[in-house]
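K.L.:
To be precise about what I am sending: the file is called target12.pdb and holds PDB, C-alpha atoms and all ligand atoms.
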```pdb
ATOM      1  CA  MET A  20     -36.848 -19.225  59.560  1.00  0.00           C
ATOM      2  CA  SER A  21     -37.361 -18.307  63.163  1.00  0.00           C
ATOM      3  CA  THR A  22     -36.986 -14.713  64.290  1.00  0.00           C
ATOM      4  CA  GLN A  23     -36.254 -13.950  67.923  1.00  0.00           C
ATOM      5  CA  THR A  24     -37.874 -10.760  69.119  1.00  0.00           C
ATOM      6  CA  GLU A  25     -38.810  -9.278  72.464  1.00  0.00           C
ATOM      7  CA  HIS A  26     -42.543  -8.975  71.600  1.00  0.00           C
ATOM      8  CA  ARG A  27     -45.386 -11.417  70.953  1.00  0.00           C
ATOM      9  CA  GLY A  28     -46.842  -9.634  67.929  1.00  0.00           C
ATOM     10  CA  LEU A  29     -45.428  -9.112  64.455  1.00  0.00           C
ATOM     11  CA  PHE A  30     -44.034  -5.727  63.486  1.00  0.00           C
ATOM     12  CA  VAL A  31     -44.265  -4.917  59.764  1.00  0.00           C
ATOM     13  CA  ALA A  32     -43.081  -1.662  58.180  1.00  0.00           C
ATOM     14  CA  VAL A  33     -44.017  -0.628  54.637  1.00  0.00           C
ATOM     15  CA  GLU A  34     -41.435   1.667  53.078  1.00  0.00           C
ATOM     16  CA  GLY A  35     -40.693   3.372  49.778  1.00  0.00           C
ATOM     17  CA  PRO A  36     -40.288   6.784  48.175  1.00  0.00           C
ATOM     18  CA  ASP A  37     -43.219   9.145  47.567  1.00  0.00           C
ATOM     19  CA  GLY A  38     -45.238   7.770  44.641  1.00  0.00           C
ATOM     20  CA  SER A  39     -44.311   4.131  45.334  1.00  0.00           C
ATOM     21  CA  GLY A  40     -47.867   3.203  46.293  1.00  0.00           C
ATOM     22  CA  LYS A  41     -46.832   2.126  49.797  1.00  0.00           C
ATOM     23  CA  SER A  42     -49.840   3.665  51.581  1.00  0.00           C
ATOM     24  CA  THR A  43     -52.217   1.744  49.294  1.00  0.00           C
ATOM     25  CA  GLN A  44     -50.255  -1.426  50.000  1.00  0.00           C
ATOM     26  CA  ALA A  45     -50.215  -0.861  53.763  1.00  0.00           C
ATOM     27  CA  ARG A  46     -54.026  -0.555  53.709  1.00  0.00           C
ATOM     28  CA  ALA A  47     -54.545  -3.548  51.394  1.00  0.00           C
ATOM     29  CA  LEU A  48     -52.201  -5.733  53.445  1.00  0.00           C
ATOM     30  CA  THR A  49     -54.038  -4.752  56.621  1.00  0.00           C
ATOM     31  CA  GLU A  50     -57.417  -5.655  55.121  1.00  0.00           C
ATOM     32  CA  ALA A  51     -56.127  -8.992  53.833  1.00  0.00           C
ATOM     33  CA  LEU A  52     -54.626  -9.892  57.223  1.00  0.00           C
ATOM     34  CA  ARG A  53     -57.847  -8.935  59.010  1.00  0.00           C
ATOM     35  CA  ALA A  54     -59.828 -11.069  56.583  1.00  0.00           C
ATOM     36  CA  ALA A  55     -57.516 -13.948  57.542  1.00  0.00           C
ATOM     37  CA  GLY A  56     -58.431 -13.428  61.204  1.00  0.00           C
ATOM     38  CA  HIS A  57     -55.448 -11.465  62.551  1.00  0.00           C
ATOM     39  CA  GLU A  58     -55.747  -8.505  64.893  1.00  0.00           C
ATOM     40  CA  VAL A  59     -54.029  -5.739  62.926  1.00  0.00           C
ATOM     41  CA  VAL A  60     -53.123  -2.211  63.989  1.00  0.00           C
ATOM     42  CA  LEU A  61     -52.540   0.029  60.957  1.00  0.00           C
ATOM     43  CA  THR A  62     -50.538   3.111  61.773  1.00  0.00           C
ATOM     44  CA  ARG A  63     -48.305   5.672  60.049  1.00  0.00           C
ATOM     45  CA  GLU A  64     -45.354   7.995  60.358  1.00  0.00           C
ATOM     46  CA  PRO A  65     -44.925  10.758  60.940  1.00  0.00           C
ATOM     47  CA  GLY A  66     -47.871  10.360  63.312  1.00  0.00           C
ATOM     48  CA  GLY A  67     -49.332   7.275  64.901  1.00  0.00           C
ATOM     49  CA  SER A  68     -49.917   8.839  68.333  1.00  0.00           C
ATOM     50  CA  ASP A  69     -51.598  12.065  69.507  1.00  0.00           C
ATOM     51  CA  LEU A  70     -48.278  13.823  69.981  1.00  0.00           C
ATOM     52  CA  GLY A  71     -46.906  12.291  66.769  1.00  0.00           C
ATOM     53  CA  GLU A  72     -49.890  13.532  64.696  1.00  0.00           C
ATOM     54  CA  THR A  73     -49.372  17.057  66.049  1.00  0.00           C
ATOM     55  CA  LEU A  74     -45.696  16.863  65.100  1.00  0.00           C
ATOM     56  CA  ARG A  75     -46.766  15.575  61.653  1.00  0.00           C
ATOM     57  CA  GLU A  76     -48.784  18.725  61.005  1.00  0.00           C
ATOM     58  CA  LEU A  77     -45.786  20.858  61.905  1.00  0.00           C
ATOM     59  CA  LEU A  78     -43.372  18.788  59.840  1.00  0.00           C
ATOM     60  CA  LEU A  79     -45.406  18.710  56.634  1.00  0.00           C
ATOM     61  CA  ASP A  80     -46.731  22.294  56.709  1.00  0.00           C
ATOM     62  CA  PRO A  81     -45.216  24.178  53.734  1.00  0.00           C
ATOM     63  CA  GLY A  82     -45.594  27.325  55.879  1.00  0.00           C
ATOM     64  CA  HIS A  83     -42.621  26.198  58.004  1.00  0.00           C
ATOM     65  CA  ALA A  84     -40.207  25.882  55.056  1.00  0.00           C
ATOM     66  CA  PRO A  85     -37.260  25.970  55.148  1.00  0.00           C
ATOM     67  CA  VAL A  86     -36.671  23.675  58.123  1.00  0.00           C
ATOM     68  CA  ASP A  87     -33.047  23.033  59.041  1.00  0.00           C
ATOM     69  CA  PRO A  88     -32.212  19.365  58.289  1.00  0.00           C
ATOM     70  CA  ARG A  89     -31.096  18.682  61.884  1.00  0.00           C
ATOM     71  CA  THR A  90     -34.295  20.196  63.286  1.00  0.00           C
ATOM     72  CA  GLU A  91     -36.253  18.077  60.842  1.00  0.00           C
ATOM     73  CA  ALA A  92     -34.380  14.865  61.751  1.00  0.00           C
ATOM     74  CA  LEU A  93     -34.965  15.452  65.461  1.00  0.00           C
ATOM     75  CA  LEU A  94     -38.678  16.151  64.984  1.00  0.00           C
ATOM     76  CA  PHE A  95     -39.159  12.963  62.941  1.00  0.00           C
ATOM     77  CA  ALA A  96     -37.240  11.040  65.637  1.00  0.00           C
ATOM     78  CA  ALA A  97     -39.321  12.648  68.411  1.00  0.00           C
ATOM     79  CA  ALA A  98     -42.572  11.708  66.653  1.00  0.00           C
ATOM     80  CA  ARG A  99     -41.234   8.167  66.186  1.00  0.00           C
ATOM     81  CA  SER A 100     -40.272   7.854  69.834  1.00  0.00           C
ATOM     82  CA  ALA A 101     -43.821   8.759  70.896  1.00  0.00           C
ATOM     83  CA  HIS A 102     -45.191   6.358  68.283  1.00  0.00           C
ATOM     84  CA  ALA A 103     -43.039   3.495  69.630  1.00  0.00           C
ATOM     85  CA  VAL A 104     -43.976   4.086  73.275  1.00  0.00           C
ATOM     86  CA  ARG A 105     -47.667   4.903  72.882  1.00  0.00           C
ATOM     87  CA  THR A 106     -48.751   2.773  69.939  1.00  0.00           C
ATOM     88  CA  LEU A 107     -46.256   0.230  68.624  1.00  0.00           C
ATOM     89  CA  ARG A 108     -44.955  -1.422  71.801  1.00  0.00           C
ATOM     90  CA  PRO A 109     -48.373  -1.796  73.502  1.00  0.00           C
ATOM     91  CA  ALA A 110     -49.918  -3.363  70.377  1.00  0.00           C
ATOM     92  CA  LEU A 111     -46.959  -5.719  69.895  1.00  0.00           C
ATOM     93  CA  ALA A 112     -46.992  -6.688  73.577  1.00  0.00           C
ATOM     94  CA  ARG A 113     -50.591  -7.892  73.343  1.00  0.00           C
ATOM     95  CA  GLY A 114     -49.757  -9.945  70.246  1.00  0.00           C
ATOM     96  CA  ALA A 115     -51.192  -7.827  67.413  1.00  0.00           C
ATOM     97  CA  VAL A 116     -49.774  -7.548  63.921  1.00  0.00           C
ATOM     98  CA  VAL A 117     -48.692  -3.925  63.511  1.00  0.00           C
ATOM     99  CA  VAL A 118     -48.441  -2.461  60.001  1.00  0.00           C
ATOM    100  CA  THR A 119     -46.786   0.930  59.902  1.00  0.00           C
ATOM    101  CA  ASP A 120     -46.768   3.132  56.809  1.00  0.00           C
ATOM    102  CA  ARG A 121     -43.092   4.316  57.099  1.00  0.00           C
ATOM    103  CA  TYR A 122     -40.617   3.887  59.967  1.00  0.00           C
ATOM    104  CA  VAL A 123     -36.875   4.353  60.631  1.00  0.00           C
ATOM    105  CA  ASP A 124     -35.791   3.621  57.050  1.00  0.00           C
ATOM    106  CA  SER A 125     -37.686   6.723  55.862  1.00  0.00           C
ATOM    107  CA  SER A 126     -35.539   8.886  58.129  1.00  0.00           C
ATOM    108  CA  VAL A 127     -32.360   7.127  57.000  1.00  0.00           C
ATOM    109  CA  ALA A 128     -33.328   7.746  53.348  1.00  0.00           C
ATOM    110  CA  TYR A 129     -34.841  11.259  53.578  1.00  0.00           C
ATOM    111  CA  GLN A 130     -32.813  12.877  56.368  1.00  0.00           C
ATOM    112  CA  GLY A 131     -29.694  10.690  56.156  1.00  0.00           C
ATOM    113  CA  ALA A 132     -29.278  10.395  52.374  1.00  0.00           C
ATOM    114  CA  ALA A 133     -31.433  13.041  50.630  1.00  0.00           C
ATOM    115  CA  ARG A 134     -30.701  15.754  53.217  1.00  0.00           C
ATOM    116  CA  GLY A 135     -27.079  14.638  53.528  1.00  0.00           C
ATOM    117  CA  LEU A 136     -26.972  14.167  57.312  1.00  0.00           C
ATOM    118  CA  GLY A 137     -25.428  10.712  56.970  1.00  0.00           C
ATOM    119  CA  GLU A 138     -27.223   7.391  56.952  1.00  0.00           C
ATOM    120  CA  ALA A 139     -25.291   5.819  59.856  1.00  0.00           C
ATOM    121  CA  ARG A 140     -25.821   8.836  62.091  1.00  0.00           C
ATOM    122  CA  ILE A 141     -29.570   8.941  61.420  1.00  0.00           C
ATOM    123  CA  ALA A 142     -29.840   5.187  61.968  1.00  0.00           C
ATOM    124  CA  ALA A 143     -28.113   5.589  65.354  1.00  0.00           C
ATOM    125  CA  LEU A 144     -30.332   8.528  66.352  1.00  0.00           C
ATOM    126  CA  ASN A 145     -33.430   6.480  65.593  1.00  0.00           C
ATOM    127  CA  GLU A 146     -32.179   3.362  67.316  1.00  0.00           C
ATOM    128  CA  TRP A 147     -31.913   5.530  70.413  1.00  0.00           C
ATOM    129  CA  ALA A 148     -35.299   7.211  69.827  1.00  0.00           C
ATOM    130  CA  THR A 149     -37.106   3.872  69.541  1.00  0.00           C
ATOM    131  CA  ASP A 150     -35.024   2.108  72.204  1.00  0.00           C
ATOM    132  CA  GLY A 151     -34.034  -0.422  69.562  1.00  0.00           C
ATOM    133  CA  LEU A 152     -37.473  -1.388  68.240  1.00  0.00           C
ATOM    134  CA  VAL A 153     -36.766  -2.994  64.831  1.00  0.00           C
ATOM    135  CA  PRO A 154     -39.421  -4.334  62.412  1.00  0.00           C
ATOM    136  CA  ASP A 155     -39.649  -8.109  62.053  1.00  0.00           C
ATOM    137  CA  LEU A 156     -40.270  -7.447  58.361  1.00  0.00           C
ATOM    138  CA  THR A 157     -39.963  -4.390  56.137  1.00  0.00           C
ATOM    139  CA  VAL A 158     -41.840  -4.473  52.830  1.00  0.00           C
ATOM    140  CA  LEU A 159     -39.936  -2.110  50.538  1.00  0.00           C
ATOM    141  CA  ILE A 160     -41.795  -0.965  47.424  1.00  0.00           C
ATOM    142  CA  ASP A 161     -39.113  -0.111  44.898  1.00  0.00           C
ATOM    143  CA  VAL A 162     -39.978   2.198  41.989  1.00  0.00           C
ATOM    144  CA  ASP A 163     -37.925   4.115  39.447  1.00  0.00           C
ATOM    145  CA  ALA A 164     -38.056   7.902  39.223  1.00  0.00           C
ATOM    146  CA  ALA A 165     -40.344   8.021  36.173  1.00  0.00           C
ATOM    147  CA  THR A 166     -42.995   5.743  37.719  1.00  0.00           C
ATOM    148  CA  ALA A 167     -42.941   7.666  40.996  1.00  0.00           C
ATOM    149  CA  ALA A 168     -43.261  11.051  39.233  1.00  0.00           C
ATOM    150  CA  ASP A 169     -46.142   9.735  37.129  1.00  0.00           C
ATOM    151  CA  ARG A 170     -48.003   8.511  40.254  1.00  0.00           C
ATOM    152  CA  ARG A 171     -47.457  11.811  42.062  1.00  0.00           C
ATOM    153  CA  ASP A 172     -48.798  13.751  39.056  1.00  0.00           C
ATOM    154  CA  ARG A 173     -51.863  11.544  38.790  1.00  0.00           C
ATOM    155  CA  ARG A 174     -52.518  11.894  42.504  1.00  0.00           C
ATOM    156  CA  ALA A 175     -52.321  15.682  42.293  1.00  0.00           C
ATOM    157  CA  ALA A 176     -54.587  15.704  39.192  1.00  0.00           C
ATOM    158  CA  GLY A 177     -57.018  13.422  41.016  1.00  0.00           C
ATOM    159  CA  GLY A 178     -57.583  16.115  43.607  1.00  0.00           C
ATOM    160  CA  GLU A 179     -55.681  14.445  46.458  1.00  0.00           C
ATOM    161  CA  GLY A 180     -54.255  17.757  47.502  1.00  0.00           C
ATOM    162  CA  ALA A 181     -51.076  19.712  46.980  1.00  0.00           C
ATOM    163  CA  PRO A 182     -47.746  18.019  47.668  1.00  0.00           C
ATOM    164  CA  ASP A 183     -46.609  18.382  51.297  1.00  0.00           C
ATOM    165  CA  ARG A 184     -43.380  20.167  52.247  1.00  0.00           C
ATOM    166  CA  MET A 185     -41.263  16.994  52.090  1.00  0.00           C
ATOM    167  CA  GLU A 186     -42.661  15.946  48.693  1.00  0.00           C
ATOM    168  CA  ARG A 187     -41.899  19.369  47.248  1.00  0.00           C
ATOM    169  CA  GLU A 188     -38.360  19.387  48.533  1.00  0.00           C
ATOM    170  CA  THR A 189     -37.254  15.809  47.790  1.00  0.00           C
ATOM    171  CA  ALA A 190     -38.942  14.964  44.449  1.00  0.00           C
ATOM    172  CA  ASP A 191     -35.659  15.475  42.559  1.00  0.00           C
ATOM    173  CA  ARG A 192     -33.750  13.225  45.021  1.00  0.00           C
ATOM    174  CA  HIS A 193     -35.601  10.070  44.049  1.00  0.00           C
ATOM    175  CA  GLU A 194     -32.529   8.042  43.099  1.00  0.00           C
ATOM    176  CA  ALA A 195     -30.709   8.978  46.325  1.00  0.00           C
ATOM    177  CA  LEU A 196     -33.754   7.897  48.341  1.00  0.00           C
ATOM    178  CA  ARG A 197     -34.133   4.715  46.371  1.00  0.00           C
ATOM    179  CA  ALA A 198     -30.471   3.764  46.791  1.00  0.00           C
ATOM    180  CA  ALA A 199     -30.653   4.384  50.547  1.00  0.00           C
ATOM    181  CA  PHE A 200     -33.753   2.187  50.952  1.00  0.00           C
ATOM    182  CA  LEU A 201     -32.158  -0.590  48.880  1.00  0.00           C
ATOM    183  CA  ALA A 202     -28.926  -0.383  50.893  1.00  0.00           C
ATOM    184  CA  ARG A 203     -30.868  -0.892  54.137  1.00  0.00           C
ATOM    185  CA  ALA A 204     -32.536  -3.960  52.604  1.00  0.00           C
ATOM    186  CA  ALA A 205     -29.226  -5.369  51.338  1.00  0.00           C
ATOM    187  CA  ALA A 206     -27.678  -5.029  54.809  1.00  0.00           C
ATOM    188  CA  ALA A 207     -30.313  -7.310  56.434  1.00  0.00           C
ATOM    189  CA  PRO A 208     -32.007  -9.296  53.633  1.00  0.00           C
ATOM    190  CA  GLU A 209     -33.716 -11.714  56.056  1.00  0.00           C
ATOM    191  CA  ARG A 210     -35.760  -8.836  57.461  1.00  0.00           C
ATOM    192  CA  TYR A 211     -36.822  -7.358  54.084  1.00  0.00           C
ATOM    193  CA  LEU A 212     -39.160  -8.139  51.217  1.00  0.00           C
ATOM    194  CA  VAL A 213     -38.249  -5.928  48.257  1.00  0.00           C
ATOM    195  CA  LEU A 214     -41.070  -5.696  45.722  1.00  0.00           C
ATOM    196  CA  ASP A 215     -41.064  -4.217  42.231  1.00  0.00           C
ATOM    197  CA  GLY A 216     -43.587  -1.357  42.463  1.00  0.00           C
ATOM    198  CA  ALA A 217     -44.338  -1.688  38.737  1.00  0.00           C
ATOM    199  CA  LEU A 218     -46.223  -4.944  39.443  1.00  0.00           C
ATOM    200  CA  PRO A 219     -50.034  -4.753  39.612  1.00  0.00           C
ATOM    201  CA  PRO A 220     -51.213  -3.642  43.081  1.00  0.00           C
ATOM    202  CA  GLN A 221     -53.055  -6.937  43.739  1.00  0.00           C
ATOM    203  CA  GLU A 222     -49.863  -8.870  43.021  1.00  0.00           C
ATOM    204  CA  LEU A 223     -47.899  -6.715  45.443  1.00  0.00           C
ATOM    205  CA  THR A 224     -50.494  -7.300  48.156  1.00  0.00           C
ATOM    206  CA  ALA A 225     -50.510 -11.057  47.506  1.00  0.00           C
ATOM    207  CA  ARG A 226     -46.716 -11.284  47.825  1.00  0.00           C
ATOM    208  CA  ALA A 227     -46.610  -9.199  50.997  1.00  0.00           C
ATOM    209  CA  LEU A 228     -49.483 -11.206  52.498  1.00  0.00           C
ATOM    210  CA  ALA A 229     -47.759 -14.522  51.761  1.00  0.00           C
ATOM    211  CA  ARG A 230     -44.567 -13.404  53.482  1.00  0.00           C
ATOM    212  CA  VAL A 231     -46.286 -11.900  56.535  1.00  0.00           C
ATOM    213  CA  THR A 232     -48.516 -14.958  56.937  1.00  0.00           C
ATOM    214  CA  ALA A 233     -45.464 -17.226  56.801  1.00  0.00           C
ATOM    215  CA  GLN A 234     -43.638 -15.164  59.427  1.00  0.00           C
ATOM    216  CA  ALA A 235     -46.712 -15.009  61.664  1.00  0.00           C
ATOM    217  CA  ALA A 236     -47.079 -18.807  61.501  1.00  0.00           C
ATOM    218  CA  ASP A 237     -43.408 -19.227  62.380  1.00  0.00           C
ATOM    219  CA  ARG A 238     -43.687 -17.529  65.775  1.00  0.00           C
TER     220      ARG A 238
HETATM  221  P1  LIG I 301     -46.162  10.208  54.031  1.00  0.00           P
HETATM  222  O1  LIG I 301     -47.251  10.521  54.975  1.00  0.00           O
HETATM  223  O2  LIG I 301     -45.781   8.784  53.853  1.00  0.00           O
HETATM  224  O3  LIG I 301     -46.522  10.855  52.653  1.00  0.00           O
HETATM  225  P2  LIG I 301     -47.322  10.195  51.488  1.00  0.00           P
HETATM  226  O4  LIG I 301     -48.393   9.333  52.081  1.00  0.00           O
HETATM  227  O5  LIG I 301     -47.818  11.394  50.772  1.00  0.00           O
HETATM  228  O6  LIG I 301     -46.292   9.393  50.742  1.00  0.00           O
HETATM  229  O7  LIG I 301     -44.834  10.995  54.469  1.00  0.00           O
HETATM  230  C1  LIG I 301     -44.803  12.377  54.430  1.00  0.00           C
HETATM  231  C2  LIG I 301     -43.450  12.852  54.007  1.00  0.00           C
HETATM  232  O8  LIG I 301     -42.533  12.808  55.115  1.00  0.00           O
HETATM  233  C3  LIG I 301     -42.840  12.056  52.877  1.00  0.00           C
HETATM  234  O9  LIG I 301     -42.394  12.962  51.877  1.00  0.00           O
HETATM  235  C4  LIG I 301     -41.660  11.395  53.515  1.00  0.00           C
HETATM  236  C5  LIG I 301     -41.311  12.262  54.674  1.00  0.00           C
HETATM  237  N1  LIG I 301     -40.635  11.577  55.794  1.00  0.00           N
HETATM  238  C6  LIG I 301     -39.320  11.902  56.125  1.00  0.00           C
HETATM  239  O10 LIG I 301     -38.697  12.742  55.475  1.00  0.00           O
HETATM  240  N2  LIG I 301     -38.727  11.277  57.185  1.00  0.00           N
HETATM  241  C7  LIG I 301     -39.369  10.361  57.949  1.00  0.00           C
HETATM  242  O11 LIG I 301     -38.801   9.811  58.919  1.00  0.00           O
HETATM  243  C8  LIG I 301     -40.745  10.047  57.608  1.00  0.00           C
HETATM  244  C9  LIG I 301     -41.505   9.054  58.430  1.00  0.00           C
HETATM  245  C10 LIG I 301     -41.330  10.669  56.523  1.00  0.00           C
END
```
Would you mind writing the file out in structure tokens?
P.N.:
Amino acid sequence: MSTQTEHRGLFVAVEGPDGSGKSTQARALTEALRAAGHEVVLTREPGGSDLGETLRELLLDPGHAPVDPRTEALLFAAARSAHAVRTLRPALARGAVVVTDRYVDSSVAYQGAARGLGEARIAALNEWATDGLVPDLTVLIDVDAATAADRRDRRAAGGEGAPDRMERETADRHEALRAAFLARAAAAPERYLVLDGALPPQELTARALARVTAQAADR
């Protein structure tokens, strides 16, 4: 399985709804890849660059609610554009493995599906914003609504802070988000690894690591 891309490195996105455990997996995958000797840049969206992190604060601040869905979609795309130019492309050009906690599929699911702006339109906006930078692999952590709600509750009880603006507003749209993520994966199965988020965390990391290692060796 040989993938033709414009860059030397390997671009991996970790995606899933709130409460899927994707941030934990992005960190664990990064540590495992580093232990195996790879140079890994771990980054996140919204954020991932100075300008992007400033936009993140604005986007997630409950004080700005309600934000018009189009305004929101453009701000996420603006943060992503800065992320691609400042962080992702330079790291990929020098041959690093880049692991990003969320990327374009989050906008397609949250703004396109959950906010109702249209998945195709949001995909096109983001293709433009990133100048066509597509992950070599997207690890999608799929969880049902009950599991995700349970994880969010435990996180809140564990003192990890109040839910951000997006979490508050989209918690009841879990199935719409989930369907949108799965549709993206079904449209390009060779570029996705869909994992059952109910599996033990170590198992999820092992499966993601095996796939990334295989793709890295194939380049
Ligand atoms: P994230 O930092 O991943 O939150 P958490 O680590 O708590 O899961 O993302 C913050 C929120 O922003 C999350 O609810 C998803 C939302 N989001 C969008 O709506 N669109 C996007 O393009 C991105 C990247 C995130």
K.L.:
State, in Å with one decimal place, the distance from CA of Leu214 in chain A to CA of Val31 in chain A.
P.N.:
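Atom-to-atom, CA of Leu214 in chain A and CA of Val31 in chain A are spaced 14.4 Å apart.
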K.L.:
Of the residues A:Thr43, A:Thr149, A:Ser68, A:Gln221, which is the one nearest to ligand LIG 301 (chain I), using only C-alpha atoms and all ligand atoms?
P.N.:
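Looking at the shortest contact to ligand LIG 301 (chain I), the residue is A:Thr43.
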K.L.:
Write out as a PDB file with C-alpha atoms, in the coordinates of the input the residues lying within 10 Å of range 198-206 of chain A, counting all atoms listed in the file and excluding same-chain residues fewer than 5 positions away.
P.N.:
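What follows is the written file selection20.pdb:
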```pdb
ATOM      1  CA  GLU A  34     -41.435   1.667  53.078  1.00  0.00           C
ATOM      2  CA  GLY A  35     -40.693   3.372  49.778  1.00  0.00           C
ATOM      3  CA  PRO A  36     -40.288   6.784  48.175  1.00  0.00           C
ATOM      4  CA  ASP A 124     -35.791   3.621  57.050  1.00  0.00           C
ATOM      5  CA  SER A 125     -37.686   6.723  55.862  1.00  0.00           C
ATOM      6  CA  SER A 126     -35.539   8.886  58.129  1.00  0.00           C
ATOM      7  CA  VAL A 127     -32.360   7.127  57.000  1.00  0.00           C
ATOM      8  CA  ALA A 128     -33.328   7.746  53.348  1.00  0.00           C
ATOM      9  CA  TYR A 129     -34.841  11.259  53.578  1.00  0.00           C
ATOM     10  CA  GLY A 131     -29.694  10.690  56.156  1.00  0.00           C
ATOM     11  CA  ALA A 132     -29.278  10.395  52.374  1.00  0.00           C
ATOM     12  CA  ALA A 133     -31.433  13.041  50.630  1.00  0.00           C
ATOM     13  CA  GLU A 138     -27.223   7.391  56.952  1.00  0.00           C
ATOM     14  CA  ALA A 142     -29.840   5.187  61.968  1.00  0.00           C
ATOM     15  CA  THR A 157     -39.963  -4.390  56.137  1.00  0.00           C
ATOM     16  CA  VAL A 158     -41.840  -4.473  52.830  1.00  0.00           C
ATOM     17  CA  LEU A 159     -39.936  -2.110  50.538  1.00  0.00           C
ATOM     18  CA  ILE A 160     -41.795  -0.965  47.424  1.00  0.00           C
ATOM     19  CA  ASP A 161     -39.113  -0.111  44.898  1.00  0.00           C
ATOM     20  CA  HIS A 193     -35.601  10.070  44.049  1.00  0.00           C
ATOM     21  CA  TYR A 211     -36.822  -7.358  54.084  1.00  0.00           C
ATOM     22  CA  LEU A 212     -39.160  -8.139  51.217  1.00  0.00           C
ATOM     23  CA  VAL A 213     -38.249  -5.928  48.257  1.00  0.00           C
TER      24      VAL A 213
END
```
K.L.:
So that each row is one residue of chain A with an atom at most 8 Å from ligand LIG 301 (chain I), can you give its shortest atom pair and the distance in Å to one decimal, using all atoms listed in the file, rows by chain and rising number, as JSON lines?
P.N.:
```
{"residue": "A:Pro36", "atom": "CA", "partner": "I:LIG301", "partner_atom": "O6", "distance": 7.0}
{"residue": "A:Asp37", "atom": "CA", "partner": "I:LIG301", "partner_atom": "O6", "distance": 4.4}
{"residue": "A:Gly38", "atom": "CA", "partner": "I:LIG301", "partner_atom": "O6", "distance": 6.4}
{"residue": "A:Ser39", "atom": "CA", "partner": "I:LIG301", "partner_atom": "O6", "distance": 7.8}
{"residue": "A:Gly40", "atom": "CA", "partner": "I:LIG301", "partner_atom": "O6", "distance": 7.8}
{"residue": "A:Lys41", "atom": "CA", "partner": "I:LIG301", "partner_atom": "O6", "distance": 7.3}
{"residue": "A:Ser42", "atom": "CA", "partner": "I:LIG301", "partner_atom": "O4", "distance": 5.9}
{"residue": "A:Arg63", "atom": "CA", "partner": "I:LIG301", "partner_atom": "O1", "distance": 7.1}
{"residue": "A:Glu64", "atom": "CA", "partner": "I:LIG301", "partner_atom": "C9", "distance": 4.4}
{"residue": "A:Pro65", "atom": "CA", "partner": "I:LIG301", "partner_atom": "C9", "distance": 4.6}
{"residue": "A:Leu78", "atom": "CA", "partner": "I:LIG301", "partner_atom": "O8", "distance": 7.7}
{"residue": "A:Leu79", "atom": "CA", "partner": "I:LIG301", "partner_atom": "C2", "distance": 6.7}
{"residue": "A:Glu91", "atom": "CA", "partner": "I:LIG301", "partner_atom": "O10", "distance": 8.0}
{"residue": "A:Ala92", "atom": "CA", "partner": "I:LIG301", "partner_atom": "N2", "distance": 7.3}
{"residue": "A:Phe95", "atom": "CA", "partner": "I:LIG301", "partner_atom": "O11", "distance": 5.1}
{"residue": "A:Ala96", "atom": "CA", "partner": "I:LIG301", "partner_atom": "O11", "distance": 7.0}
{"residue": "A:Arg99", "atom": "CA", "partner": "I:LIG301", "partner_atom": "C9", "distance": 7.8}
{"residue": "A:Asp120", "atom": "CA", "partner": "I:LIG301", "partner_atom": "O2", "distance": 6.5}
{"residue": "A:Arg121", "atom": "CA", "partner": "I:LIG301", "partner_atom": "C9", "distance": 5.2}
{"residue": "A:Tyr122", "atom": "CA", "partner": "I:LIG301", "partner_atom": "C9", "distance": 5.5}
{"residue": "A:Val123", "atom": "CA", "partner": "I:LIG301", "partner_atom": "O11", "distance": 6.0}
{"residue": "A:Asp124", "atom": "CA", "partner": "I:LIG301", "partner_atom": "O11", "distance": 7.1}
{"residue": "A:Ser125", "atom": "CA", "partner": "I:LIG301", "partner_atom": "O11", "distance": 4.5}
{"residue": "A:Ser126", "atom": "CA", "partner": "I:LIG301", "partner_atom": "O11", "distance": 3.5}
{"residue": "A:Val127", "atom": "CA", "partner": "I:LIG301", "partner_atom": "O11", "distance": 7.2}
{"residue": "A:Ala128", "atom": "CA", "partner": "I:LIG301", "partner_atom": "N2", "distance": 7.5}
{"residue": "A:Tyr129", "atom": "CA", "partner": "I:LIG301", "partner_atom": "O10", "distance": 4.5}
{"residue": "A:Gln130", "atom": "CA", "partner": "I:LIG301", "partner_atom": "O10", "distance": 6.0}
{"residue": "A:Pro182", "atom": "CA", "partner": "I:LIG301", "partner_atom": "O5", "distance": 7.3}
{"residue": "A:Asp183", "atom": "CA", "partner": "I:LIG301", "partner_atom": "O9", "distance": 6.9}
{"residue": "A:Arg184", "atom": "CA", "partner": "I:LIG301", "partner_atom": "O9", "distance": 7.3}
{"residue": "A:Met185", "atom": "CA", "partner": "I:LIG301", "partner_atom": "O9", "distance": 4.2}
{"residue": "A:Glu186", "atom": "CA", "partner": "I:LIG301", "partner_atom": "O9", "distance": 4.4}
{"residue": "A:Arg187", "atom": "CA", "partner": "I:LIG301", "partner_atom": "O9", "distance": 7.9}
{"residue": "A:Thr189", "atom": "CA", "partner": "I:LIG301", "partner_atom": "O9", "distance": 7.2}
```
K.L.:
Find the distance between CA of Ala148 in chain A and CA of Glu188 in chain A and write it in Å to one decimal.
P.N.:
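We find that CA of Ala148 in chain A and CA of Glu188 in chain A lie 24.7 Å from each other.
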K.L.:
Determine the nearest neighbour of Thr166 in chain A from the options A:Gly28, A:Pro81, A:Gly66, A:Gly216, counting all atoms listed in the file.
P.N.:
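Distance minimum relative to Thr166 in chain A lands on A:Gly216.
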K.L.:
I need the residue nearest Arg197 in chain A from this list: A:Pro85, A:Asp163, A:Gly137, A:Asp155. Use only C-alpha atoms for the distance.
P.N.:
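Once distances to Arg197 in chain A are computed over only C-alpha atoms, the minimum belongs to A:Asp163.
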K.L.:
Using only C-alpha atoms, find the one residue out of A:His102, A:Ala45, A:Ala168, A:His26 that sits nearest to Glu72 in chain A.
P.N.:
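Looking only at the distances to Glu72 in chain A, the closest residue turns out to be A:His102.
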K.L.:
Give as a list in words the residues that the PyMOL selection byres (((chain A and resi 59) around 7) and not hetatm) matches when applied to the coordinates above.
P.N.:
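Checked against the file, the PyMOL selection byres (((chain A and resi 59) around 7) and not hetatm) matches Thr49, Arg53, His57, Glu58, Val60, Leu61, Ala115, Val116 and Val117 of chain A.
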